[in-house]
$ cat start_29.csv   # CSV, C-alpha atoms
chain,number,residue,atom,x,y,z
A,526,LYS,CA,0.0,0.0,0.0
A,527,GLN,CA,1.0,3.6,-0.6
A,528,TRP,CA,1.8,5.8,2.4
A,529,TYR,CA,-1.5,7.6,2.1
A,530,GLN,CA,-3.4,4.4,2.0
A,531,ARG,CA,-1.9,3.2,5.3
A,532,ARG,CA,-4.0,4.9,7.9
A,533,VAL,CA,-2.8,3.8,11.2
A,534,ALA,CA,-5.0,3.7,14.2
A,535,ILE,CA,-3.8,3.1,17.7
A,536,THR,CA,-6.2,0.2,18.2
A,537,ALA,CA,-4.9,-1.4,15.0
A,538,GLY,CA,-1.3,-1.3,16.3
A,539,ILE,CA,1.4,0.7,14.8
A,540,ASP,CA,4.1,-0.9,12.7
A,541,HIS,CA,7.4,0.4,14.0
A,542,ASN,CA,9.1,0.1,10.6
A,543,PHE,CA,6.3,2.2,9.1
A,544,VAL,CA,6.8,4.9,11.8
A,545,GLN,CA,10.6,5.0,11.3
A,546,ARG,CA,10.3,5.2,7.5
A,547,THR,CA,7.7,7.9,7.6
A,548,PHE,CA,9.7,10.0,10.0
A,549,SER,CA,12.9,9.4,7.9
A,550,VAL,CA,11.2,10.5,4.7
A,551,ASN,CA,8.9,13.3,5.9
A,552,LEU,CA,11.1,14.8,8.6
A,553,LEU,CA,14.7,13.8,8.9
A,554,SER,CA,15.5,14.0,5.1
A,555,SER,CA,14.2,17.6,5.0
A,556,ILE,CA,16.3,18.6,8.1
A,557,GLU,CA,19.4,16.9,6.8
A,558,ILE,CA,19.2,18.5,3.3
A,559,SER,CA,18.6,22.0,4.7
A,560,LEU,CA,21.4,21.8,7.2
A,561,LYS,CA,23.9,20.5,4.6
A,562,ALA,CA,22.8,23.3,2.1
A,563,MET,CA,23.1,26.0,4.8
A,564,PRO,CA,26.6,27.1,3.9
A,565,HIS,CA,25.7,27.5,0.3
A,566,LEU,CA,22.4,29.2,1.1
A,567,GLU,CA,24.3,31.7,3.4
A,568,LYS,CA,26.7,32.6,0.6
A,569,SER,CA,24.0,33.0,-2.0
A,570,LYS,CA,21.4,34.6,0.3
A,571,GLY,CA,19.2,31.7,-0.6
A,572,HIS,CA,15.7,30.6,0.4
A,573,ILE,CA,14.2,27.4,1.7
A,574,PHE,CA,10.6,26.3,1.0
A,575,VAL,CA,9.5,23.5,3.3
A,576,ALA,CA,6.5,21.6,1.8
A,577,SER,CA,4.6,20.7,5.0
A,578,SER,CA,1.0,19.8,5.3
A,579,ALA,CA,-2.3,21.0,6.8
A,580,LEU,CA,-1.8,17.9,9.0
A,581,GLY,CA,1.0,19.8,10.6
A,582,GLU,CA,-1.5,22.3,11.8
A,583,VAL,CA,-4.7,20.2,12.2
A,584,PRO,CA,-4.4,16.5,13.2
A,585,LYS,CA,-6.6,13.9,11.5
A,586,SER,CA,-7.9,10.7,13.0
A,587,GLY,CA,-6.3,7.6,11.4
A,588,LEU,CA,-3.3,9.7,10.2
A,589,SER,CA,-1.5,10.0,13.5
A,590,VAL,CA,2.0,9.1,12.2
A,591,LEU,CA,1.8,11.4,9.2
A,592,SER,CA,0.3,14.2,11.4
A,593,ALA,CA,3.2,13.7,13.9
A,594,THR,CA,5.9,14.0,11.2
A,595,LYS,CA,4.3,17.2,9.9
A,596,HIS,CA,4.0,18.7,13.4
A,597,ALA,CA,7.7,17.9,14.0
A,598,LEU,CA,8.6,19.3,10.6
A,599,ASN,CA,6.8,22.6,11.4
A,600,GLY,CA,8.4,22.7,14.9
A,601,PHE,CA,11.9,22.3,13.5
A,602,PHE,CA,11.6,24.7,10.6
A,603,TYR,CA,9.7,27.4,12.6
A,604,SER,CA,12.5,27.3,15.2
A,605,LEU,CA,15.1,27.4,12.4
A,606,GLN,CA,13.3,30.4,11.0
A,607,GLN,CA,13.6,32.2,14.3
A,608,GLU,CA,17.3,31.3,14.6
A,609,LEU,CA,18.0,32.7,11.1
A,610,LYS,CA,16.2,35.9,12.0
A,611,GLU,CA,18.1,36.3,15.3
A,612,LYS,CA,21.5,35.9,13.7
A,613,LYS,CA,20.4,38.3,10.9
A,614,SER,CA,21.1,35.6,8.3
A,615,ALA,CA,20.5,36.4,4.7
A,616,VAL,CA,18.8,32.9,4.4
A,617,THR,CA,15.0,33.1,4.4
A,618,LEU,CA,12.6,30.2,5.0
A,619,THR,CA,8.9,29.6,4.1
A,620,VAL,CA,6.9,26.8,5.7
A,621,GLY,CA,4.1,25.7,3.4
A,622,ALA,CA,1.0,24.2,4.9
A,623,LEU,CA,-0.5,22.4,1.9
A,624,GLY,CA,-4.0,21.1,2.1
A,625,GLU,CA,-5.9,18.8,-0.2
A,626,ILE,CA,-4.9,19.4,-3.8
A,627,ALA,CA,-6.5,17.7,-6.8
A,628,ALA,CA,-3.7,15.8,-8.5
A,629,GLY,CA,-5.1,13.4,-11.1
A,630,ASP,CA,-5.8,9.9,-10.0
A,631,ARG,CA,-4.1,10.1,-6.6
A,632,MET,CA,-6.3,8.8,-3.7
A,633,PRO,CA,-7.4,11.7,-1.5
A,634,LEU,CA,-6.6,11.7,2.2
A,635,PHE,CA,-10.0,13.4,3.0
A,636,THR,CA,-13.4,13.4,1.5
A,637,LEU,CA,-14.0,17.0,0.9
A,638,PRO,CA,-16.4,19.0,-1.3
A,639,ASP,CA,-14.8,20.3,-4.5
A,640,TRP,CA,-14.8,23.9,-3.2
A,641,MET,CA,-12.3,22.9,-0.5
A,642,VAL,CA,-9.9,21.1,-2.8
A,643,GLY,CA,-7.1,23.2,-4.4
A,644,ASP,CA,-5.8,23.2,-7.9
A,645,LYS,CA,-2.3,21.8,-8.5
A,646,GLU,CA,-1.3,24.6,-11.0
A,647,GLU,CA,-2.6,27.3,-8.7
A,648,CYS,CA,-0.7,25.8,-5.8
A,649,ALA,CA,2.5,25.5,-7.9
A,650,ALA,CA,2.1,29.2,-8.9
A,651,GLY,CA,1.7,30.2,-5.2
A,652,ILE,CA,4.9,28.3,-4.3
A,653,LEU,CA,6.8,29.9,-7.1
A,654,HIS,CA,5.5,33.3,-6.0
A,655,SER,CA,6.6,32.6,-2.4
A,656,LEU,CA,10.2,31.9,-3.7
A,657,VAL,CA,10.2,35.6,-4.9
A,658,THR,CA,8.3,37.2,-2.0
A,659,ARG,CA,9.8,35.0,0.7
A,660,PRO,CA,6.9,35.0,3.2
A,661,THR,CA,7.4,33.1,6.5
A,662,THR,CA,4.3,30.9,5.7
A,663,PHE,CA,2.4,29.8,2.7
A,664,THR,CA,-1.0,28.2,3.1
A,665,TYR,CA,-2.9,26.5,0.2
A,666,PRO,CA,-5.7,26.2,-0.2
A,667,SER,CA,-6.2,28.7,2.7
A,668,LEU,CA,-10.0,28.2,2.9
A,669,HIS,CA,-9.5,24.4,3.3
A,670,LEU,CA,-7.0,24.9,6.2
A,671,ASN,CA,-9.1,27.4,8.0
A,672,ALA,CA,-12.2,25.3,7.6
A,673,ALA,CA,-10.3,22.3,8.9
A,674,ARG,CA,-9.0,24.2,11.9
A,675,LEU,CA,-12.5,25.4,12.7
A,676,ALA,CA,-13.9,21.8,12.4
A,677,TRP,CA,-11.2,20.5,14.6
A,678,PHE,CA,-11.7,23.2,17.2
A,679,LEU,CA,-15.5,22.7,17.3
A,680,GLY,CA,-14.9,19.0,17.7
$ encode --input "start_29.csv" --output "structure tokens"
Amino acid sequence: KQWYQRRVAITAGIDHNFVQRTFSVNLLSSIEISLKAMPHLEKSKGHIFVASSALGEVPKSGLSVLSATKHALNGFFYSLQQELKEKKSAVTLTVGALGEIAAGDRMPLFTLPDWMVGDKEECAAGILHSLVTRPTTFTYPSLHLNAARLAWFLG
């Protein structure tokens, strides 16, 4: 099964290898690449775009491992963002909270109405725009994430 098809519930038992692999791919690889690139980014006044997920902001039942990796990713990179600002680094960093995006025949994580699902070209254009404008965060689709936060808050 693909990672997005492996919904892991506590009652079903969590496969340790799945957890390790998911953290390695979704978190540790991004940290390692960014840290190794930092000397070059400092010299070139570069920019990092971290492709996170709405799950890093709003957890989803059945996706606890994926949600955990995205929360950890956000925690690391928001902290790194602060460190770069404190040392007045020329390196900038955007954390992208990407929600559900229509991407062909990919199986969706959520069952959402069409108006809450983003367009892949529009999302890509937003990411490219953020590489120029260098905001601290990029949320797409913003309505989806805000609706998800509200639904989670209301329980």
$ atom_distance --input "start_29.csv" --atom1 "CA of His572 in chain A" --atom2 "CA of Val642 in chain A"
27.5 Å
$ atom_distance --input "start_29.csv" --atom1 "CA of Leu653 in chain A" --atom2 "CA of Leu618 in chain A"
13.4 Å
$ atom_distance --input "start_29.csv" --atom1 "CA of Glu567 in chain A" --atom2 "CA of Val616 in chain A"
5.7 Å
$ closest_residue --input "start_29.csv" --among "A:His565, A:Lys585, A:Gly643, A:Ser555" --to "Ala628 in chain A" --atoms "all atoms listed in the file"
A:Gly643
$ closest_residue --input "start_29.csv" --among "A:Ile558, A:Tyr665, A:Leu552, A:Gly651" --to "Gly600 in chain A" --atoms "only C-alpha atoms"
A:Leu552
$ closest_residue --input "start_29.csv" --among "A:Ser614, A:Asn542, A:Ser592, A:Asn551" --to "Gly571 in chain A" --atoms "all atoms listed in the file"
A:Ser614
$ closest_residue --input "start_29.csv" --among "A:Glu646, A:Pro564, A:Ile556, A:Ile652" --to "Leu605 in chain A" --atoms "only C-alpha atoms"
A:Ile556
$ closest_residue --input "start_29.csv" --among "A:Leu588, A:Val657, A:Leu598, A:Cys648" --to "Val544 in chain A" --atoms "only C-alpha atoms"
A:Leu588
$ residues_around --input "start_29.csv" --residues "range 578-584 of chain A" --least-positions-apart "5" --cutoff "6 Å" --atoms "only C-alpha atoms" --output "compact mmCIF listing (two decimals) with C-alpha atoms, in the frame of the given file"
# COMPACT_ATOMS: atom_id res chain seq x y z
CA SER A 592 0.30 14.20 11.40
CA LYS A 595 4.30 17.20 9.90
CA HIS A 596 4.00 18.70 13.40
CA ALA A 622 1.00 24.20 4.90
CA LEU A 623 -0.50 22.40 1.90
CA GLY A 624 -4.00 21.10 2.10
CA ARG A 674 -9.00 24.20 11.90
$ decode --input "start_29.csv" --residues "range 591-636 of chain A" --atoms "N, CA and C atoms" --output "CSV table (one decimal), in the first residue's frame"
chain,number,residue,atom,x,y,z
A,591,LEU,N,1.5,10.4,10.2
A,591,LEU,CA,1.8,11.4,9.2
A,591,LEU,C,1.6,12.8,9.9
A,592,SER,N,0.6,13.0,10.7
A,592,SER,CA,0.3,14.2,11.4
A,592,SER,C,1.5,14.5,12.3
A,593,ALA,N,2.1,13.5,13.0
A,593,ALA,CA,3.2,13.7,13.9
A,593,ALA,C,4.4,14.2,13.1
A,594,THR,N,4.7,13.6,11.9
A,594,THR,CA,5.9,14.0,11.2
A,594,THR,C,5.7,15.5,10.7
A,595,LYS,N,4.5,15.9,10.3
A,595,LYS,CA,4.3,17.2,9.9
A,595,LYS,C,4.4,18.2,11.0
A,596,HIS,N,3.9,17.9,12.2
A,596,HIS,CA,4.0,18.7,13.4
A,596,HIS,C,5.5,18.9,13.7
A,597,ALA,N,6.2,17.8,13.7
A,597,ALA,CA,7.7,17.9,14.0
A,597,ALA,C,8.4,18.7,12.9
A,598,LEU,N,8.0,18.6,11.7
A,598,LEU,CA,8.6,19.3,10.6
A,598,LEU,C,8.4,20.8,10.8
A,599,ASN,N,7.1,21.2,11.1
A,599,ASN,CA,6.8,22.6,11.4
A,599,ASN,C,7.6,23.1,12.6
A,600,GLY,N,7.7,22.3,13.7
A,600,GLY,CA,8.4,22.7,14.9
A,600,GLY,C,9.9,23.0,14.6
A,601,PHE,N,10.5,22.1,13.8
A,601,PHE,CA,11.9,22.3,13.5
A,601,PHE,C,12.1,23.6,12.7
A,602,PHE,N,11.3,23.7,11.6
A,602,PHE,CA,11.6,24.7,10.6
A,602,PHE,C,11.1,26.1,11.1
A,603,TYR,N,10.0,26.1,12.0
A,603,TYR,CA,9.7,27.4,12.6
A,603,TYR,C,10.8,27.9,13.5
A,604,SER,N,11.4,26.9,14.3
A,604,SER,CA,12.5,27.3,15.2
A,604,SER,C,13.7,27.7,14.4
A,605,LEU,N,14.0,27.0,13.3
A,605,LEU,CA,15.1,27.4,12.4
A,605,LEU,C,14.9,28.8,11.9
A,606,GLN,N,13.7,29.1,11.5
A,606,GLN,CA,13.3,30.4,11.0
A,606,GLN,C,13.6,31.5,12.0
A,607,GLN,N,13.3,31.2,13.3
A,607,GLN,CA,13.6,32.2,14.3
A,607,GLN,C,15.1,32.4,14.5
A,608,GLU,N,15.8,31.3,14.5
A,608,GLU,CA,17.3,31.3,14.6
A,608,GLU,C,17.9,32.1,13.5
A,609,LEU,N,17.5,31.9,12.3
A,609,LEU,CA,18.0,32.7,11.1
A,609,LEU,C,17.7,34.2,11.3
A,610,LYS,N,16.6,34.5,11.8
A,610,LYS,CA,16.2,35.9,12.0
A,610,LYS,C,17.1,36.5,13.1
A,611,GLU,N,17.3,35.8,14.2
A,611,GLU,CA,18.1,36.3,15.3
A,611,GLU,C,19.5,36.5,15.0
A,612,LYS,N,20.1,35.7,14.1
A,612,LYS,CA,21.5,35.9,13.7
A,612,LYS,C,21.6,36.8,12.5
A,613,LYS,N,20.4,37.4,12.1
A,613,LYS,CA,20.4,38.3,10.9
A,613,LYS,C,21.0,37.6,9.6
A,614,SER,N,20.6,36.3,9.5
A,614,SER,CA,21.1,35.6,8.3
A,614,SER,C,20.4,36.1,7.1
A,615,ALA,N,21.1,36.0,5.9
A,615,ALA,CA,20.5,36.4,4.7
A,615,ALA,C,19.6,35.2,4.1
A,616,VAL,N,19.6,34.1,4.8
A,616,VAL,CA,18.8,32.9,4.4
A,616,VAL,C,17.4,33.2,4.9
A,617,THR,N,16.4,33.0,4.0
A,617,THR,CA,15.0,33.1,4.4
A,617,THR,C,14.3,31.7,4.3
A,618,LEU,N,13.2,31.5,4.9
A,618,LEU,CA,12.6,30.2,5.0
A,618,LEU,C,11.0,30.4,5.0
A,619,THR,N,10.4,29.6,4.1
A,619,THR,CA,8.9,29.6,4.1
A,619,THR,C,8.4,28.2,4.4
A,620,VAL,N,7.5,28.1,5.4
A,620,VAL,CA,6.9,26.8,5.7
A,620,VAL,C,5.5,26.8,5.0
A,621,GLY,N,5.4,25.8,4.1
A,621,GLY,CA,4.1,25.7,3.4
A,621,GLY,C,3.2,24.7,4.0
A,622,ALA,N,2.0,25.1,4.4
A,622,ALA,CA,1.0,24.2,4.9
A,622,ALA,C,0.0,23.9,3.7
A,623,LEU,N,0.3,22.8,3.1
A,623,LEU,CA,-0.5,22.4,1.9
A,623,LEU,C,-1.6,21.5,2.2
A,624,GLY,N,-2.8,21.9,1.8
A,624,GLY,CA,-4.0,21.1,2.1
A,624,GLY,C,-4.3,20.1,1.0
A,625,GLU,N,-5.5,19.7,0.8
A,625,GLU,CA,-5.9,18.8,-0.2
A,625,GLU,C,-5.8,19.4,-1.6
A,626,ILE,N,-5.1,18.8,-2.5
A,626,ILE,CA,-4.9,19.4,-3.8
A,626,ILE,C,-5.3,18.3,-4.8
A,627,ALA,N,-6.1,18.7,-5.8
A,627,ALA,CA,-6.5,17.7,-6.8
A,627,ALA,C,-5.3,17.4,-7.7
A,628,ALA,N,-4.9,16.2,-7.7
A,628,ALA,CA,-3.7,15.8,-8.5
A,628,ALA,C,-4.0,14.5,-9.3
A,629,GLY,N,-4.9,14.6,-10.2
A,629,GLY,CA,-5.1,13.4,-11.1
A,629,GLY,C,-5.8,12.3,-10.4
A,630,ASP,N,-5.2,11.1,-10.5
A,630,ASP,CA,-5.8,9.9,-10.0
A,630,ASP,C,-5.3,9.5,-8.6
A,631,ARG,N,-4.6,10.4,-7.9
A,631,ARG,CA,-4.1,10.1,-6.6
A,631,ARG,C,-5.3,10.0,-5.6
A,632,MET,N,-5.2,9.0,-4.7
A,632,MET,CA,-6.3,8.8,-3.7
A,632,MET,C,-6.2,9.9,-2.7
A,633,PRO,N,-7.4,10.6,-2.5
A,633,PRO,CA,-7.4,11.7,-1.5
A,633,PRO,C,-7.3,11.2,-0.1
A,634,LEU,N,-6.7,12.1,0.8
A,634,LEU,CA,-6.6,11.7,2.2
A,634,LEU,C,-8.0,12.0,2.9
A,635,PHE,N,-8.7,13.0,2.4
A,635,PHE,CA,-10.0,13.4,3.0
A,635,PHE,C,-11.1,13.3,1.9
A,636,THR,N,-12.3,13.2,2.4
A,636,THR,CA,-13.4,13.4,1.5
A,636,THR,C,-14.0,14.8,1.7
